[in-house]
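To be precise, the following lines are protein_32.cif, and they hold mmCIF, C-alpha atoms.
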data_coords
loop_
_atom_site.label_atom_id
_atom_site.label_comp_id
_atom_site.auth_asym_id
_atom_site.auth_seq_id
_atom_site.Cartn_x
_atom_site.Cartn_y
_atom_site.Cartn_z
CA MET A 1 -134.92 -111.59 -4.03
CA GLY A 2 -134.67 -110.02 -0.63
CA TRP A 3 -132.52 -107.25 -1.95
CA GLU A 4 -134.95 -106.48 -4.77
CA THR A 5 -137.78 -106.40 -2.31
CA ASN A 6 -135.95 -103.98 -0.09
CA ASN A 7 -135.06 -101.78 -3.04
CA ILE A 8 -138.67 -101.63 -4.14
CA THR A 9 -139.73 -100.76 -0.62
CA ILE A 10 -137.11 -98.02 -0.37
CA LEU A 11 -138.13 -96.69 -3.80
CA ILE A 12 -141.77 -96.56 -2.83
CA GLU A 13 -141.01 -94.81 0.45
CA GLY A 14 -138.78 -92.32 -1.37
CA LEU A 15 -141.54 -91.58 -3.87
CA ILE A 16 -143.96 -91.07 -1.03
CA ILE A 17 -141.56 -88.66 0.66
CA VAL A 18 -141.03 -86.74 -2.61
CA VAL A 19 -144.76 -86.50 -3.26
CA PHE A 20 -145.39 -85.37 0.29
CA GLY A 21 -142.61 -82.79 -0.01
CA LEU A 22 -144.04 -81.53 -3.31
CA LEU A 23 -147.47 -81.26 -1.71
CA LEU A 24 -146.05 -79.30 1.20
CA LEU A 25 -144.20 -76.99 -1.16
CA SER A 26 -147.28 -76.45 -3.29
CA PHE A 27 -149.44 -75.75 -0.24
CA ALA A 28 -146.84 -73.38 1.16
CA ARG A 29 -146.73 -71.50 -2.12
CA THR A 30 -150.53 -71.23 -2.38
CA MET A 31 -151.10 -70.13 1.23
CA PRO A 32 -150.48 -66.46 2.08
CA SER A 33 -148.08 -65.51 4.76
CA SER A 34 -150.98 -63.70 6.54
CA TYR A 35 -154.71 -64.41 6.24
CA THR A 36 -155.66 -60.80 6.98
CA LEU A 37 -156.04 -58.33 4.10
CA ASN A 38 -155.82 -54.63 4.95
CA TYR A 39 -157.55 -52.27 2.57
CA GLU A 40 -159.61 -49.12 3.18
CA ILE A 41 -162.37 -47.48 1.18
CA TYR A 42 -162.70 -43.66 1.14
CA PRO A 43 -165.72 -42.30 -0.76
CA GLU A 44 -165.48 -38.74 -2.02
CA SER A 45 -168.47 -38.10 0.21
CA ASN A 46 -170.96 -40.23 2.09
CA GLU A 47 -173.68 -37.59 1.51
CA LEU A 48 -175.00 -36.66 -1.92
CA THR A 49 -177.81 -34.25 -2.79
CA LEU A 50 -179.33 -34.44 -6.26
CA GLN A 51 -182.29 -32.82 -7.95
CA GLN A 52 -184.90 -35.00 -9.59
CA GLY A 53 -183.72 -36.16 -13.00
CA THR A 54 -180.01 -35.43 -12.41
CA ALA A 55 -176.85 -37.51 -11.98
CA TYR A 56 -173.44 -37.37 -10.35
CA THR A 57 -170.24 -39.44 -10.54
CA LEU A 58 -168.78 -40.12 -7.11
CA ASN A 59 -165.14 -41.21 -6.82
CA ILE A 60 -164.30 -44.08 -4.45
CA ASP A 61 -160.70 -44.17 -3.28
CA TYR A 62 -159.21 -47.60 -2.38
CA LYS A 63 -156.06 -47.89 -0.27
CA VAL A 64 -154.61 -51.44 -0.58
CA ASN A 65 -151.76 -52.78 1.56
CA THR A 66 -150.32 -55.68 -0.52
CA ASN A 67 -147.65 -56.42 -3.12
CA GLU A 68 -149.67 -59.04 -4.92
CA ALA A 69 -152.20 -58.59 -7.68
CA LEU A 70 -155.59 -59.12 -6.10
CA PRO A 71 -158.96 -59.62 -7.81
CA PHE A 72 -161.68 -57.11 -6.71
CA PHE A 73 -165.35 -57.63 -7.50
CA PHE A 74 -167.92 -54.77 -7.20
CA SER A 75 -171.71 -54.61 -7.08
CA THR A 76 -174.31 -52.10 -5.86
CA PHE A 77 -177.69 -52.05 -4.19
CA SER A 78 -180.05 -49.07 -4.62
CA PRO A 79 -183.80 -48.46 -4.18
CA GLN A 80 -186.12 -48.20 -7.14
CA GLY A 81 -185.77 -44.88 -8.95
CA ILE A 82 -182.04 -44.50 -8.23
CA GLY A 83 -179.45 -46.04 -10.52
CA ALA A 84 -175.94 -46.94 -9.36
CA LYS A 85 -173.40 -48.24 -11.89
CA ILE A 86 -169.81 -49.35 -11.29
CA SER A 87 -167.10 -51.52 -12.91
CA PRO A 88 -167.85 -55.19 -12.03
CA LYS A 89 -164.24 -56.40 -11.67
CA LEU A 90 -160.73 -55.09 -11.28
CA GLU A 91 -157.41 -56.83 -10.59
CA THR A 92 -154.65 -54.69 -9.13
CA TYR A 93 -151.81 -54.70 -6.63
CA SER A 94 -151.82 -50.97 -5.77
CA ASP A 95 -154.13 -48.15 -4.69
CA PHE A 96 -156.83 -47.17 -7.17
CA ILE A 97 -159.87 -44.90 -7.64
CA LEU A 98 -163.19 -46.36 -8.70
CA PRO A 99 -165.91 -44.11 -10.21
CA LEU A 100 -169.46 -44.74 -8.97
CA TYR A 101 -172.11 -43.32 -11.32
CA ILE A 102 -175.42 -42.39 -9.58
CA ASN A 103 -178.51 -41.07 -11.37
CA VAL A 104 -181.89 -40.05 -9.96
CA SER A 105 -185.24 -40.33 -11.72
CA ASN A 106 -188.30 -38.19 -10.91
CA ILE A 107 -188.95 -40.02 -7.65
CA GLU A 108 -190.40 -38.37 -4.57
CA PRO A 109 -188.00 -36.08 -2.68
CA GLY A 110 -186.47 -37.78 0.33
CA ASP A 111 -183.45 -39.70 1.64
CA TYR A 112 -182.36 -42.91 -0.09
CA PRO A 113 -179.44 -45.29 0.68
CA VAL A 114 -177.08 -46.61 -2.04
CA VAL A 115 -174.80 -49.48 -0.97
CA LEU A 116 -171.49 -50.35 -2.66
CA ILE A 117 -170.43 -53.99 -2.14
CA THR A 118 -166.69 -54.76 -2.47
CA LYS A 119 -165.33 -58.34 -2.51
CA VAL A 120 -161.69 -59.49 -2.64
CA LEU A 121 -160.52 -63.07 -3.18
CA TYR A 122 -157.36 -63.49 -1.16
CA GLY A 123 -155.78 -66.82 -0.23
CA GLY A 124 -158.93 -68.72 -1.02
CA ILE A 125 -160.94 -66.50 1.32
CA VAL A 126 -163.52 -63.90 0.19
CA ASN A 127 -163.23 -60.57 2.04
CA GLU A 128 -166.37 -58.37 1.78
CA LYS A 129 -167.05 -54.75 2.79
CA LEU A 130 -170.21 -52.63 2.51
CA THR A 131 -170.04 -48.85 1.91
CA GLN A 132 -173.25 -46.77 2.17
CA ILE A 133 -173.85 -43.51 0.32
CA ASN A 134 -176.84 -41.44 1.52
CA VAL A 135 -178.59 -39.78 -1.41
CA LYS A 136 -180.93 -36.87 -0.69
CA VAL A 137 -183.37 -36.16 -3.53
CA VAL A 138 -184.69 -32.58 -3.81
CA PRO A 139 -187.30 -31.09 -6.16
CA LYS A 140 -186.29 -30.19 -9.68
CA GLU A 141 -185.21 -26.57 -10.18
CA LYS A 142 -185.00 -24.54 -13.37
CA ILE A 143 -181.23 -24.69 -13.17
CA VAL A 144 -178.88 -27.43 -12.00
CA PHE A 145 -176.39 -25.88 -9.58
CA GLN A 146 -172.88 -27.35 -9.69
CA THR A 147 -171.19 -24.82 -7.40
CA THR A 148 -170.36 -27.44 -4.79
CA LYS A 149 -169.29 -31.07 -5.04
CA TYR A 150 -171.79 -33.71 -3.96
CA THR A 151 -174.81 -31.41 -4.38
CA ASN A 152 -176.71 -29.59 -7.09
CA GLU A 153 -179.57 -28.24 -4.99
CA GLN A 154 -180.46 -24.55 -5.10
CA PRO A 155 -178.52 -22.15 -2.84
CA LYS A 156 -180.62 -20.92 0.06
CA LEU A 157 -179.53 -18.17 2.44
CA VAL A 158 -181.39 -18.01 5.76
CA LEU A 159 -181.32 -15.15 8.28
CA GLU A 160 -180.67 -17.37 11.29
CA ASP A 161 -180.37 -14.68 13.98
CA ILE A 162 -180.58 -10.89 14.29
CA SER A 163 -179.85 -8.50 17.14
CA THR A 164 -183.25 -6.81 16.66
CA ARG A 165 -185.88 -6.37 13.96
CA ASN A 166 -187.32 -3.20 15.54
CA ILE A 167 -185.14 -0.11 15.93
CA LEU A 168 -185.95 3.36 17.28
CA LEU A 169 -184.01 6.20 15.69
CA GLY A 170 -184.05 9.96 15.94
CA ALA A 171 -183.47 12.22 12.95
CA GLY A 172 -179.74 12.38 12.27
CA GLU A 173 -179.05 9.17 14.26
CA LYS A 174 -177.82 5.74 13.13
CA GLN A 175 -177.81 2.20 14.53
CA THR A 176 -175.85 -0.95 13.65
CA LEU A 177 -177.45 -4.42 13.67
CA LEU A 178 -175.76 -7.84 13.74
CA LEU A 179 -177.13 -10.32 11.18
CA LYS A 180 -176.20 -14.02 11.17
CA PHE A 181 -176.75 -15.89 7.90
CA GLU A 182 -176.55 -19.61 7.07
CA ASN A 183 -176.46 -21.24 3.65
CA THR A 184 -178.68 -24.33 3.79
CA GLY A 185 -178.39 -25.09 0.07
CA SER A 186 -175.70 -25.35 -2.55
CA ALA A 187 -172.59 -23.25 -2.05
CA SER A 188 -172.63 -19.95 -3.88
CA THR A 189 -171.71 -16.27 -3.79
CA PHE A 190 -174.27 -13.83 -2.39
CA SER A 191 -174.66 -10.07 -2.02
CA MET A 192 -176.88 -8.22 0.46
CA ASN A 193 -179.50 -5.65 -0.57
CA ALA A 194 -182.29 -3.65 1.07
CA ILE A 195 -185.46 -1.88 -0.09
CA VAL A 196 -186.58 1.16 1.95
CA ASP A 197 -190.38 1.43 1.78
CA SER A 198 -190.76 5.18 2.28
CA THR A 199 -191.71 8.21 0.22
CA ASP A 200 -188.63 9.89 1.68
CA LYS A 201 -186.29 6.92 1.09
CA ASN A 202 -183.49 9.17 -0.17
CA ASN A 203 -182.98 10.32 3.43
CA VAL A 204 -182.50 6.74 4.70
CA LEU A 205 -179.04 5.19 4.28
CA VAL A 206 -178.68 1.39 4.58
CA SER A 207 -175.19 -0.13 4.34
CA PHE A 208 -173.46 -3.49 4.96
CA ASN A 209 -169.88 -4.10 6.06
CA THR A 210 -169.25 -6.50 3.16
CA GLY A 211 -170.01 -6.75 -0.55
CA GLN A 212 -170.17 -10.22 -2.08
CA PHE A 213 -169.44 -13.21 0.11
CA PHE A 214 -169.11 -16.95 -0.53
CA LEU A 215 -170.73 -19.60 1.67
CA LYS A 216 -170.56 -23.37 1.40
CA LYS A 217 -173.48 -25.53 2.41
CA GLY A 218 -173.95 -25.43 6.18
CA GLU A 219 -171.60 -22.46 6.65
CA SER A 220 -172.62 -19.36 8.60
CA ARG A 221 -171.46 -15.76 8.53
CA ASN A 222 -172.07 -12.60 10.58
CA ILE A 223 -172.70 -9.34 8.71
CA LEU A 224 -173.14 -5.84 10.14
CA MET A 225 -176.00 -3.68 8.83
CA THR A 226 -176.16 0.08 9.55
CA VAL A 227 -179.30 2.23 9.23
CA GLU A 228 -178.89 6.02 9.30
CA LEU A 229 -181.57 8.73 9.12
CA ASP A 230 -181.02 12.20 7.73
CA GLU A 231 -181.64 15.16 10.04
CA ASN A 232 -184.67 16.15 7.95
CA TYR A 233 -186.33 12.73 8.00
CA ALA A 234 -189.81 12.98 9.53
CA ILE A 235 -191.72 9.80 8.64
CA VAL A 236 -192.68 7.97 11.82
CA TYR A 237 -192.70 4.31 10.60
CA THR A 238 -190.49 2.85 7.85
CA PRO A 239 -190.16 -0.86 6.91
CA ILE A 240 -186.87 -1.99 5.32
CA TYR A 241 -187.07 -5.27 3.34
CA LEU A 242 -183.90 -7.38 3.21
CA TYR A 243 -182.95 -9.76 0.41
CA ALA A 244 -179.84 -11.53 -0.86
CA GLN A 245 -178.98 -11.94 -4.53
CA GLU A 246 -177.40 -15.21 -5.68
CA GLN A 247 -174.60 -14.54 -8.16
CA SER A 248 -174.88 -17.45 -10.61
CA THR A 249 -178.60 -17.00 -11.35
CA GLY A 250 -179.45 -13.54 -10.04
CA ASN A 251 -182.25 -15.01 -7.92
CA GLN A 252 -183.38 -12.86 -4.99
CA LEU A 253 -183.80 -14.60 -1.64
CA ASP A 254 -186.26 -13.00 0.80
CA LEU A 255 -184.80 -12.41 4.28
CA GLY A 256 -187.68 -10.61 6.02
CA GLN A 257 -187.84 -6.98 7.14
CA ILE A 258 -186.50 -4.44 9.64
CA ASN A 259 -188.94 -1.98 11.25
CA VAL A 260 -187.65 1.56 11.82
CA THR A 261 -189.62 3.93 14.08
CA LEU A 262 -188.71 7.62 14.25
CA LYS A 263 -188.23 9.02 17.74
CA THR A 264 -190.96 11.56 18.56
CA GLN A 265 -191.50 13.25 21.92
CA ASP A 266 -194.98 14.64 22.39
CA ILE A 267 -197.62 14.64 25.11
CA LEU A 268 -201.38 15.24 25.21
CA ILE A 269 -202.76 17.26 28.14
CA ALA A 270 -206.44 16.98 29.17
CA TYR A 271 -207.60 19.47 31.86
CA ASN A 272 -210.86 18.72 33.69
CA LYS A 273 -212.15 22.02 35.14
CA ASN A 274 -214.94 20.39 37.14
CA LEU A 275 -212.54 18.05 38.97
CA ASN A 276 -209.60 20.45 38.87
CA SER A 277 -207.45 17.56 37.59
CA VAL A 278 -204.96 17.04 34.78
CA GLU A 279 -204.28 13.94 32.64
CA ILE A 280 -201.02 13.75 30.67
CA THR A 281 -200.54 11.05 27.99
CA ASN A 282 -197.33 10.28 26.09
CA VAL A 283 -198.49 10.23 22.46
CA GLY A 284 -194.95 10.07 21.04
CA THR A 285 -192.77 7.05 20.23
CA ASP A 286 -189.99 7.76 22.73
CA ILE A 287 -189.74 7.86 26.53
CA VAL A 288 -190.19 11.42 27.87
CA THR A 289 -189.15 13.14 31.08
CA LEU A 290 -192.04 15.02 32.69
CA ASP A 291 -191.76 17.71 35.39
CA ILE A 292 -194.84 19.29 37.03
CA ASN A 293 -194.58 22.33 39.30
CA THR A 294 -197.50 23.81 41.28
CA GLN A 295 -197.76 26.00 44.37
CA ALA A 296 -198.25 22.90 46.55
CA LYS A 297 -195.80 20.39 45.07
CA THR A 298 -193.06 19.63 42.55
CA PHE A 299 -192.44 16.17 41.09
CA SER A 300 -190.77 14.40 38.11
CA MET A 301 -191.38 11.14 36.25
CA PHE A 302 -190.74 9.13 33.06
CA LEU A 303 -193.59 8.31 30.71
CA GLN A 304 -193.46 5.37 28.31
CA PRO A 305 -195.23 5.66 24.92
CA ASN A 306 -199.03 5.49 25.39
CA GLN A 307 -198.65 5.79 29.18
CA THR A 308 -200.92 8.24 31.06
CA TYR A 309 -200.32 10.12 34.31
CA PHE A 310 -203.12 11.70 36.40
CA PHE A 311 -202.76 14.30 39.16
CA GLN A 312 -205.24 16.27 41.27
CA ALA A 313 -204.54 19.97 41.91
CA ASP A 314 -204.74 21.34 45.47
CA SER A 315 -207.04 24.21 46.43
CA VAL A 316 -204.06 26.54 46.89
CA ASP A 317 -202.71 25.87 43.41
CA LYS A 318 -203.12 28.79 41.05
CA ASN A 319 -201.35 27.27 38.07
CA ALA A 320 -199.42 24.19 36.94
CA ASP A 321 -196.20 24.43 34.92
CA ILE A 322 -195.56 21.30 32.81
CA TYR A 323 -192.03 20.71 31.50
CA LEU A 324 -191.23 18.22 28.71
CA ASP A 325 -187.59 17.03 28.77
CA GLY A 326 -186.57 20.12 30.74
CA ASN A 327 -188.39 22.67 28.55
CA LEU A 328 -191.60 24.45 29.53
CA TYR A 329 -194.32 22.79 27.47
CA LYS A 330 -197.53 24.35 28.86
CA GLN A 331 -198.85 26.39 31.78
CA ILE A 332 -202.37 25.65 33.04
CA ASP A 333 -204.38 28.31 34.94
CA LEU A 334 -206.09 26.65 37.91
CA GLN A 335 -207.72 29.76 39.45
CA ASP A 336 -211.14 29.06 37.97
CA ASN A 337 -211.49 25.94 40.06
CA ASN A 338 -210.38 27.03 43.55
CA LEU A 339 -212.76 26.84 46.49
CA LEU A 340 -215.32 29.59 47.08
CA GLY A 341 -213.80 32.72 48.58
CA ALA A 342 -210.47 32.13 46.91
CA GLY A 343 -211.14 34.90 44.42
CA LEU A 344 -213.49 36.03 41.71
CA ASP A 345 -213.06 35.33 38.11
CA GLU A 346 -213.15 38.58 36.15
CA ASN A 347 -214.55 36.75 33.18
CA LYS A 348 -217.63 35.60 35.08
CA PRO A 349 -220.83 37.73 34.57
CA LYS A 350 -221.70 40.00 37.55
CA LEU A 351 -225.22 40.31 38.96
CA SER A 352 -226.91 43.70 38.22
CA VAL A 353 -229.32 44.69 41.02
CA GLY A 354 -231.31 47.18 38.92
CA LYS A 355 -231.92 44.70 36.21
CA SER A 356 -232.83 42.05 38.74
CA VAL A 357 -235.47 44.23 40.43
CA SER A 358 -237.01 45.34 37.19
CA GLY A 359 -237.02 41.73 36.09
CA LEU A 360 -238.73 40.75 39.30
CA PHE A 361 -241.62 43.10 38.63
CA SER A 362 -241.89 42.43 35.00
CA PHE A 363 -244.87 40.15 35.18
CA GLY A 364 -246.28 40.72 31.79
CA SER A 365 -248.22 43.21 29.76
CA GLY A 366 -251.90 44.17 29.38
CA PHE A 367 -254.86 44.21 31.84
CA ALA A 368 -253.94 40.91 33.51
CA GLY A 369 -250.53 42.23 34.25
CA TRP A 370 -251.89 45.28 36.01
CA ILE A 371 -254.26 43.20 38.15
CA ILE A 372 -251.37 41.02 39.26
CA PHE A 373 -249.31 44.12 40.01
CA LEU A 374 -252.16 45.62 42.21
CA VAL A 375 -252.57 42.31 44.09
CA VAL A 376 -248.84 42.25 44.85
CA ILE A 377 -248.98 45.86 46.14
CA ILE A 378 -251.93 45.07 48.44
CA VAL A 379 -250.18 41.96 49.80
CA PHE A 380 -247.03 44.01 50.39
CA ILE A 381 -249.06 46.69 52.35
CA LEU A 382 -250.75 44.03 54.46
CA ILE A 383 -247.37 42.50 55.33
CA ILE A 384 -246.01 45.91 56.41
CA TYR A 385 -249.16 46.55 58.46
CA LYS A 386 -248.87 43.18 60.19
CA LEU A 387 -245.21 43.70 61.00
CA PHE A 388 -245.40 47.25 62.39
CA PHE A 389 -248.97 48.75 62.76
CA ALA A 390 -251.35 45.96 63.75
CA ARG A 391 -252.75 45.72 67.29
CA SER A 392 -250.53 42.69 67.81
CA ALA A 393 -247.63 43.73 65.49
CA VAL A 394 -244.54 41.63 65.29
CA PHE A 395 -242.12 44.53 65.89
CA GLY A 396 -244.26 46.80 68.09
CA LYS A 397 -247.67 47.39 69.68
CA THR A 398 -250.09 50.04 68.35
CA VAL A 399 -252.49 51.77 70.86
CA TYR A 400 -255.76 53.14 69.53
CA ALA A 401 -257.86 56.04 71.08
CA LYS A 402 -260.74 53.77 72.11
CA ASP A 403 -258.25 51.63 73.97
CA LEU A 404 -257.23 54.72 76.02
CA LYS A 405 -260.90 55.51 76.91
CA SER A 406 -261.39 52.02 78.13
CA THR A 407 -258.34 52.38 80.37
CA ASP A 408 -259.65 55.62 81.98
CA ASN A 409 -262.86 53.99 83.03
#
Written form, structure tokens:
Amino acid sequence: MGWETNNITILIEGLIIVVFGLLLLSFARTMPSSYTLNYEIYPESNELTLQQGTAYTLNIDYKVNTNEALPFFFSTFSPQGIGAKISPKLETYSDFILPLYINVSNIEPGDYPVVLITKVLYGGIVNEKLTQINVKVVPKEKIVFQTTKYTNEQPKLVLEDISTRNILLGAGEKQTLLLKFENTGSASTFSMNAIVDSTDKNNVLVSFNTGQFFLKKGESRNILMTVELDENYAIVYTPIYLYAQEQSTGNQLDLGQINVTLKTQDILIAYNKNLNSVEITNVGTDIVTLDINTQAKTFSMFLQPNQTYFFQADSVDKNADIYLDGNLYKQIDLQDNNLLGAGLDENKPKLSVGKSVSGLFSFGSGFAGWIIFLVVIIVFILIIYKLFFARSAVFGKTVYAKDLKSTDN
């Protein structure tokens, strides 16, 4: 009996050891060698721009580092008005690409997040990752542009910077401008154009250093623009309107204008005879060099457009020679305004003594005139008498005969 009891005990212990060994083997086979799962998710783009009422399929690239078939589970979260569809489950042991279908209703333009949720069951543990796609909704256009991945918004070319919008040119001259453009919309091919707003536009040449050019969204490009005027061009102000033409639709994009002013050199001279002064105003569009020479002084200056210079002539100055850019423009005679005694002006009327005397005695006509004339003659005789012949004359003393008799006595 003792032997049987020992055998039963040994049998039971052996069964326990076998069961325990089987459990260990089963657990070892079910547990992974490593509890960390390495896989990466690479969306085709994390930014997506869609017009209202349009859709796009975005590819999601999965890189999986395992030799075992793993179960993947997918779900999405998106705001109201944006649909996001994806395969709910996939079991694989290698890299794969998952298409994510996104559609936009006629919701308000703006930025909306779409979240892709990826779960993997690995060794009894759920591994979860969140991937966000930013969807920008833009207003609906007449045409859906598909010239660039991840966006179907309208191409938009913007003149971001320019060396100058106002140029000053002389006839027969030319000037080159630097234009910097940026495409803020869908990628496309553009061409530059210009409209010369002038009745003499055939004598204005506008050219660009490139024909058609391609720009992706967010890309910039510098373009040279040359404006040349013919030697016979004479219109003072000319606006040039710039626009770009988009190739796929033919739409014209307004880029503003360039203002061209023709160089003109002209001055306005105002001579004040009473003050013997001269005012010179630059009425042209260009800076001029002014030289003024008189008998007393010589000086030079620059005049900006609409600038005025004033100078006072000296008494010794007979004339003023005004030179515009080295050429004699005008000579002003200053003799009329010198001080008294400096000379007589031959053009001034001379006083006629004969006419003055006759005018003095021309008192009128008729009887009254004769009476006045006789009174004047009598007054004149009395004045002469008082000056020379009166007893107490101013210029002498007259002696009468009765005065002599009185002296003898």
Subject >> 6 Å contact set for Lys136 (chain A), all atoms listed in the file, chain neighbours under 5 positions out, as a list of chain:residue names >> reply: A:Thr49, A:Gly110, A:Asp111
Write a file of the selected residues as a PDB file, in the frame of the given file, keeping C-alpha atoms.
ATOM      1  CA  THR A  49    -177.810 -34.250  -2.790  1.00  0.00           C
ATOM      2  CA  GLY A 110    -186.470 -37.780   0.330  1.00  0.00           C
ATOM      3  CA  ASP A 111    -183.450 -39.700   1.640  1.00  0.00           C
TER       4      ASP A 111
END
Original post:
Which distance in Å separates CA of Asn306 (chain A) and CA of Gln331 (chain A), to one decimal?
Top reply: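 So the two atoms, CA of Asn306 (chain A) and CA of Gln331 (chain A), lie 21.9 Å apart.
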Original post:
Within 7 Å of region 211-218 of chain A, counting only C-alpha atoms, which residues qualify if same-chain residues fewer than 4 places away don't, as a PyMOL selection string?
Top reply: chain A and resi 182-191
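Protein, DNA and RNA residues at most 9 Å from (-150.5, -61.9, -3.5), with all atoms listed in the file, are these: Pro32, Thr66, Asn67, Glu68, Ala69, Leu70, Tyr93, Tyr122 and Gly123 of chain A.
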Original post:
If you measure from CA of Asn46 (chain A) to CA of Lys140 (chain A), what distance in Å do you get, rounded to one decimal?
Top reply: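 Atom-to-atom, CA of Asn46 (chain A) and CA of Lys140 (chain A) are spaced 21.8 Å apart.
For the structure shown here, the set of residues caught by the PyMOL selection byres ((chain A and resi 105) around 6) is A:Gln52, A:Gly53, A:Gly81, A:Val104, A:Asn106, A:Ile107.
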Subject >> Expected answer as a list in words: all residues with atoms within 12 Å of (-169.0, -52.9, -12.0), only C-alpha atoms >> reply: Phe72, Phe73, Phe74, Ser75, Thr76, Phe77, Ala84, Lys85, Ile86, Ser87, Pro88, Lys89, Leu90, Leu98, Pro99, Leu100, Tyr101, Leu116, Ile117, Thr118 and Lys119 of chain A
Write out the residues from the selection above, keeping C-alpha atoms, as an mmCIF file, keeping the file's coordinate frame.
data_model
loop_
_atom_site.group_PDB
_atom_site.id
_atom_site.type_symbol
_atom_site.label_atom_id
_atom_site.label_comp_id
_atom_site.auth_asym_id
_atom_site.auth_seq_id
_atom_site.Cartn_x
_atom_site.Cartn_y
_atom_site.Cartn_z
ATOM 1 C CA PHE A 72 -161.680 -57.110 -6.710
ATOM 2 C CA PHE A 73 -165.350 -57.630 -7.500
ATOM 3 C CA PHE A 74 -167.920 -54.770 -7.200
ATOM 4 C CA SER A 75 -171.710 -54.610 -7.080
ATOM 5 C CA THR A 76 -174.310 -52.100 -5.860
ATOM 6 C CA PHE A 77 -177.690 -52.050 -4.190
ATOM 7 C CA ALA A 84 -175.940 -46.940 -9.360
ATOM 8 C CA LYS A 85 -173.400 -48.240 -11.890
ATOM 9 C CA ILE A 86 -169.810 -49.350 -11.290
ATOM 10 C CA SER A 87 -167.100 -51.520 -12.910
ATOM 11 C CA PRO A 88 -167.850 -55.190 -12.030
ATOM 12 C CA LYS A 89 -164.240 -56.400 -11.670
ATOM 13 C CA LEU A 90 -160.730 -55.090 -11.280
ATOM 14 C CA LEU A 98 -163.190 -46.360 -8.700
ATOM 15 C CA PRO A 99 -165.910 -44.110 -10.210
ATOM 16 C CA LEU A 100 -169.460 -44.740 -8.970
ATOM 17 C CA TYR A 101 -172.110 -43.320 -11.320
ATOM 18 C CA LEU A 116 -171.490 -50.350 -2.660
ATOM 19 C CA ILE A 117 -170.430 -53.990 -2.140
ATOM 20 C CA THR A 118 -166.690 -54.760 -2.470
ATOM 21 C CA LYS A 119 -165.330 -58.340 -2.510
#
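Residue nearest Val206 (chain A), chosen from A:Asp161, A:Gln312, A:Glu231, A:Leu177 and counting all atoms listed in the file: A:Leu177.
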Original post:
Nearest to Asn251 (chain A) among A:Asn38, A:Ile377, A:Leu382, A:Lys142, with distances taken over only C-alpha atoms: which residue is it?
Top reply: A:Lys142
**OP:** Work out how far CA of Asn232 (chain A) is from CA of Leu268 (chain A), in Å to one decimal.
**Re:**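 CA of Asn232 (chain A) lies 24.0 Å from CA of Leu268 (chain A).
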**OP:** Can you turn the PyMOL selection byres ((chain A and resi 64) around 9) into a concrete residue list for this file, as a list in words?
**Re:**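 Matching residues under the PyMOL selection byres ((chain A and resi 64) around 9) are Leu37, Asn38, Tyr39, Glu40, Ile41, Tyr62, Lys63, Asn65, Thr66, Asn67, Tyr93, Ser94, Asp95 and Phe96 of chain A.
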**OP:** Please provide as JSON, numbers by chain all residues within 7 Å of Gly83 (chain A), with the sequence filter that same-chain residues fewer than 3 positions apart are discarded (counting all atoms listed in the file).
**Re:** {"A": [78, 102, 103, 104]}
Which residues of region 220-277 of chain A sit at most 8 Å from region 282-299 of chain A, using all atoms listed in the file? Give each one's shortest atom pair and distance in Å (one decimal place), in chain and ascending residue order, as CSV.
residue,atom,partner,partner_atom,distance
A:Thr261,CA,A:Thr285,CA,7.6
A:Leu262,CA,A:Thr285,CA,7.3
A:Lys263,CA,A:Asp286,CA,5.4
A:Thr264,CA,A:Gly284,CA,4.9
A:Gln265,CA,A:Gly284,CA,4.8
A:Asp266,CA,A:Gly284,CA,4.8
A:Ile267,CA,A:Asn282,CA,4.5
A:Leu268,CA,A:Val283,CA,6.4
Subject >> Selection under test: the PyMOL selection byres ((chain A and resi 309) around 10); residues as a VMD selection string >> reply: chain A and resid 269 278 to 282 290 301 to 303 307 to 308 310 to 311
**OP:** Determine, counting all atoms listed in the file, which protein, DNA and RNA residues have an atom within 9 Å of an atom of Thr238 (chain A); residues of the same chain fewer than 4 positions away are not included. Present the result as a PyMOL selection string.
**Re:** chain A and resi 196-198+201+258-262
**OP:** Show which residues sit within 8 Å of Gly172 (chain A), as a PyMOL selection string. Count all atoms listed in the file, and ignore same-chain residues fewer than 2 positions away.
**Re:** chain A and resi 170+174+228-233
I'd like the box whose edges run along x, y and z of the file and which contains every listed atom of region 130-142 of chain A, padded by 6 Å per side; could you state its centre and edge lengths in Å, one decimal, as lines of an AutoDock Vina configuration file?
center_x = -178.7
center_y = -38.6
center_z = -5.4
size_x = 29.3
size_y = 40.1
size_z = 27.9
